[in-house]
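Novice: Take a look at the following structure, please.
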2 protein chains.
Amino acid sequence: MKTCLLIVLTLLGLSALQATGQTNTNANPIVVGILVFDKAYITEFAGPLDVYHHVADGKVRVVLISGTKKDLTTYEGLRIHTDYTVADAPKIDVLVVPSGAGSLDADPKNKAAMVWIKKTAAHAKFITSHCEGAFLLAEAGLLAGKNATTFQNDTGTLQARFPTCSVQGGKRVVVDGNLITSAGGLASYEGALYVVAQLFGETEAKRIAGALAFDQGNLANALAALPK
Amino acid sequence: MKTCLLIVLTLLGLSALQATGQTNTNANPIVVGILVFDKAYITEFAGPLDVYHHVADGKVRVVLISGTKKDLTTYEGLRIHTDYTVADAPKIDVLVVPSGAGSLDADPKNKAAMVWIKKTAAHAKFITSHCEGAFLLAEAGLLAGKNATTFQNDTGTLQARFPTCSVQGGKRVVVDGNLITSAGGLASYEGALYVVAQLFGETEAKRIAGALAFDQGNLANALAALPK
């Protein structure tokens, strides 16, 4: 019976590893959970996924979590399959909320996803948004009294809808404690790299910046807010 | 009978549009074909996909083409579904060859894919590679006598394997006529934006750079090789 249980647990473990394409050399990895919805913008989740996945020695496990069903189509028409939904997601250490075509209207109305964001944020080490993902954090009450940014064309709308948030227009990455918001696009790589630098140090962040061909400007943007 | 044929063709048309998530306001779009293999690196295809998909007014249709089967898993563990395989791909105007874990060994041995690259390149307006995708172009004979670049750690290997190619180490984007190679990572966005600037002008390229939050450095890298 114990052998049988061990086999089942081993198979479950292998399946979990397959889901992230990573080698598990770390028994207790930091779990990065990326929340996506239908019509997700590809760079907004692919950028952070790539940055976190680059962390060495299996210290990070990245999972994609859908706000609705596991099979989604990105805004660009790419059909993807997520590992989990908000109904069965594991415990998350770094919450990543990218954007999509529904970030300003359909997605914030998804009550189950908003409840999950709030619950997950309560125990997460870092809470991050990319591009218009800030609207989802705001809807879940996480930007009240905080400094934050969003996609450049939407900073006015975010400020108007959530007046207690101090929206930093023109900033690529805004850090307020464990809350990191980024303007989206290539700045989404920078926001994720800031979190890596905080969790694993500047040397590891610089190694990953090299592997992902960050320009000197991208690297400087990512590391500017690090405590000195 | 004619009505029936019309309905079928309309449905096929709608299905093709759905596959790209784009609005067809242009009857004869530029077709960008992105070739991927199992264990594709996500940024290498997602970056160009996002850049080309941003072109306004349906002037571009982006399709993902698999070198093997339509359902693949990226290196990072994301399961994706491509629109086509090399066996049923449509005519391509811009050939995009990103990289993956198999770019230096397994993928260049894929004879059908290499034949397809060579055939497609013969009539393409632009031929591009990102990161180690250069090894696939080289294997298909397209880098002979050309200036090219690849991922920074692999420039020596590319030069050693393909001695008639002039490998430009340290360059983010190398332009040689209609052949554009990029170093990968964030430079992959820059390489794709260069092609957009060539096809649709610098104003459209700058608009897309804004929408994707290119840093000033990324934009300068993308546009540096434009004919003045």
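Within each chain, counting starts at residue 1; across the structure tokens, chains are named A, B, ... in the order shown, with ligands numbered 1 upward in that order.
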List the spatial neighbours of Thr85 in chain A as a PyMOL selection string - criterion: any atom at most 6 Å away, only C-alpha atoms, same-chain residues fewer than 2 positions off excluded.

Specialist: chain A and resi 65-67+87-89

Novice: If you run DSSP on this backbone, which residues of range 88-179 of chain B come out as strand (DSSP E or B), and could you give them as a PyMOL selection string?

Specialist: chain B and resi 94-97+100+126-130+147-148+166-167+173-176+179

Novice: Limited to N, CA and C atoms, could you put the picked residues into a file as a tab-separated table (two decimals), in the first residue's frame?

Specialist:
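Generated file (part-v9.tsv):
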```tsv
chain	number	residue	atom	x	y	z
B	94	VAL	N	6.36	36.90	-44.86
B	94	VAL	CA	7.45	37.15	-43.91
B	94	VAL	C	7.69	35.87	-43.12
B	95	LEU	N	8.85	35.28	-43.34
B	95	LEU	CA	9.19	34.02	-42.66
B	95	LEU	C	9.91	34.33	-41.35
B	96	VAL	N	9.35	33.85	-40.24
B	96	VAL	CA	9.91	34.10	-38.91
B	96	VAL	C	10.35	32.76	-38.32
B	97	VAL	N	11.65	32.66	-38.02
B	97	VAL	CA	12.16	31.40	-37.46
B	97	VAL	C	12.74	31.68	-36.07
B	100	GLY	N	14.34	27.32	-30.06
B	100	GLY	CA	13.80	26.44	-29.03
B	100	GLY	C	14.92	25.54	-28.55
B	126	PHE	N	10.60	39.00	-46.63
B	126	PHE	CA	11.61	39.05	-45.58
B	126	PHE	C	11.79	37.67	-44.96
B	127	ILE	N	13.03	37.38	-44.60
B	127	ILE	CA	13.37	36.12	-43.92
B	127	ILE	C	14.03	36.52	-42.61
B	128	THR	N	13.47	36.06	-41.49
B	128	THR	CA	14.00	36.50	-40.20
B	128	THR	C	14.26	35.31	-39.28
B	129	SER	N	15.28	35.49	-38.41
B	129	SER	CA	15.45	34.51	-37.33
B	129	SER	C	15.64	35.26	-36.03
B	130	HIS	N	15.34	34.57	-34.94
B	130	HIS	CA	15.45	35.13	-33.61
B	130	HIS	C	16.21	34.13	-32.75
B	147	ASN	N	25.73	38.25	-43.76
B	147	ASN	CA	25.96	38.74	-42.40
B	147	ASN	C	24.78	38.32	-41.54
B	148	ALA	N	25.07	37.80	-40.35
B	148	ALA	CA	23.98	37.33	-39.48
B	148	ALA	C	24.42	37.35	-38.03
B	166	SER	N	29.10	35.35	-42.25
B	166	SER	CA	29.88	36.30	-41.47
B	166	SER	C	29.10	36.64	-40.21
B	167	VAL	N	29.43	35.96	-39.11
B	167	VAL	CA	28.66	36.10	-37.87
B	167	VAL	C	29.09	37.36	-37.13
B	173	VAL	N	20.58	43.15	-33.72
B	173	VAL	CA	19.84	42.93	-34.96
B	173	VAL	C	20.80	43.14	-36.12
B	174	VAL	N	20.88	42.16	-37.01
B	174	VAL	CA	21.73	42.30	-38.19
B	174	VAL	C	20.86	42.23	-39.45
B	175	VAL	N	21.02	43.22	-40.31
B	175	VAL	CA	20.23	43.28	-41.55
B	175	VAL	C	21.16	43.05	-42.73
B	176	ASP	N	20.82	42.08	-43.59
B	176	ASP	CA	21.56	41.86	-44.83
B	176	ASP	C	20.52	41.69	-45.93
B	179	LEU	N	17.26	39.69	-45.32
B	179	LEU	CA	17.54	38.72	-44.25
B	179	LEU	C	17.80	39.47	-42.94
```

Novice: My list of candidates is A:Thr155, A:Gln198, A:Asn110, A:Ser188. Which is closest to chain B when distances are computed with only C-alpha atoms?

Specialist: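 Once distances to chain B are computed over only C-alpha atoms, the minimum belongs to A:Ser188.
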
Novice: Considering only C-alpha atoms, return as a PyMOL selection string whatever protein or nucleic-acid residues lie within 12 Å of Asp105 in chain A, sequence-local ones (same chain, fewer than 5 positions apart) excluded.

Specialist: chain A and resi 99-100+110+132-133+135-136+139+161

Novice: Take the residues that were just selected and, keeping N, CA and C atoms, output them as a compact mmCIF listing (two decimals), in the first residue's frame.

Specialist:
```txt
# COMPACT_ATOMS: atom_id res chain seq x y z
N SER A 99 -2.46 41.39 -18.33
CA SER A 99 -3.67 42.01 -18.87
C SER A 99 -4.18 41.24 -20.08
N GLY A 100 -5.33 41.68 -20.53
CA GLY A 100 -5.94 41.10 -21.72
C GLY A 100 -7.03 42.03 -22.20
N ASN A 110 -15.57 39.22 -12.93
CA ASN A 110 -15.47 37.79 -12.60
C ASN A 110 -15.24 37.67 -11.09
N GLU A 132 -2.57 46.44 -18.04
CA GLU A 132 -3.87 46.74 -17.43
C GLU A 132 -4.28 45.74 -16.35
N GLY A 133 -3.40 44.81 -16.01
CA GLY A 133 -3.67 43.92 -14.88
C GLY A 133 -3.88 44.71 -13.59
N PHE A 135 -5.91 47.01 -13.11
CA PHE A 135 -7.35 47.20 -12.88
C PHE A 135 -7.93 46.03 -12.09
N LEU A 136 -7.37 44.84 -12.26
CA LEU A 136 -7.87 43.67 -11.53
C LEU A 136 -7.41 43.72 -10.08
N GLU A 139 -9.59 46.34 -8.45
CA GLU A 139 -10.95 45.83 -8.21
C GLU A 139 -10.97 44.91 -6.98
N ARG A 161 -11.13 55.78 -11.60
CA ARG A 161 -11.95 54.69 -11.04
C ARG A 161 -11.56 54.37 -9.59
```

Novice: Got a sec to pull out which chain B residues are within 7 Å of chain A, counting only C-alpha atoms, and send them as a list in words?

Specialist: Gln18, Ala19, Thr20, Gly21, Ile42, Thr43, Ala46, Gly47, Asp50, His53, Tyr75, Glu76, Gly77, Leu78, Arg79, Ile80, His81, Gly184, Gly185, Leu186, Ala187, Leu212, Ala213, Phe214, Asp215, Gly217 and Asn218 of chain B

Novice: Can you pull out every residue within 10 Å of Pro163 in chain B, counting only C-alpha atoms, but drop anything in the same chain fewer than 4 positions away, and send it as a PDB file with N, CA, C and O atoms, in the first residue's frame?

Specialist:
```pdb
ATOM      1  N   LEU B 143      22.190  31.288 -44.968  1.00  0.00           N
ATOM      2  CA  LEU B 143      23.163  32.228 -44.395  1.00  0.00           C
ATOM      3  C   LEU B 143      24.516  32.199 -45.130  1.00  0.00           C
ATOM      4  O   LEU B 143      25.437  32.920 -44.756  1.00  0.00           O
ATOM      5  N   ALA B 144      24.609  31.382 -46.163  1.00  0.00           N
ATOM      6  CA  ALA B 144      25.875  31.297 -46.920  1.00  0.00           C
ATOM      7  C   ALA B 144      26.204  32.654 -47.533  1.00  0.00           C
ATOM      8  O   ALA B 144      25.398  33.226 -48.272  1.00  0.00           O
ATOM      9  N   GLY B 145      27.369  33.185 -47.183  1.00  0.00           N
ATOM     10  CA  GLY B 145      27.800  34.473 -47.718  1.00  0.00           C
ATOM     11  C   GLY B 145      27.076  35.676 -47.143  1.00  0.00           C
ATOM     12  O   GLY B 145      27.183  36.783 -47.676  1.00  0.00           O
ATOM     13  N   THR B 157      29.834  29.034 -32.242  1.00  0.00           N
ATOM     14  CA  THR B 157      29.371  27.757 -32.805  1.00  0.00           C
ATOM     15  C   THR B 157      28.782  27.957 -34.192  1.00  0.00           C
ATOM     16  O   THR B 157      29.028  27.157 -35.105  1.00  0.00           O
ATOM     17  N   LEU B 158      27.991  29.016 -34.361  1.00  0.00           N
ATOM     18  CA  LEU B 158      27.390  29.290 -35.677  1.00  0.00           C
ATOM     19  C   LEU B 158      28.495  29.522 -36.712  1.00  0.00           C
ATOM     20  O   LEU B 158      28.450  28.965 -37.818  1.00  0.00           O
ATOM     21  N   GLN B 159      29.507  30.330 -36.325  1.00  0.00           N
ATOM     22  CA  GLN B 159      30.611  30.630 -37.244  1.00  0.00           C
ATOM     23  C   GLN B 159      31.388  29.357 -37.602  1.00  0.00           C
ATOM     24  O   GLN B 159      31.742  29.151 -38.774  1.00  0.00           O
ATOM     25  N   VAL B 167      29.435  35.960 -39.112  1.00  0.00           N
ATOM     26  CA  VAL B 167      28.660  36.098 -37.869  1.00  0.00           C
ATOM     27  C   VAL B 167      29.090  37.364 -37.129  1.00  0.00           C
ATOM     28  O   VAL B 167      30.277  37.574 -36.880  1.00  0.00           O
TER      29      VAL B 167
END
```

Novice: Between CA of Ala134 in chain A and CA of Thr150 in chain A, what distance in Å does the model show, to one decimal?

Specialist: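 So the answer is 5.9 Å.
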
Novice: What is the CA of Tyr194 in chain B-CA of Leu223 in chain B distance in Å, reported with one decimal?

Specialist: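 CA of Leu223 in chain B lies at a distance of 5.8 Å from CA of Tyr194 in chain B.
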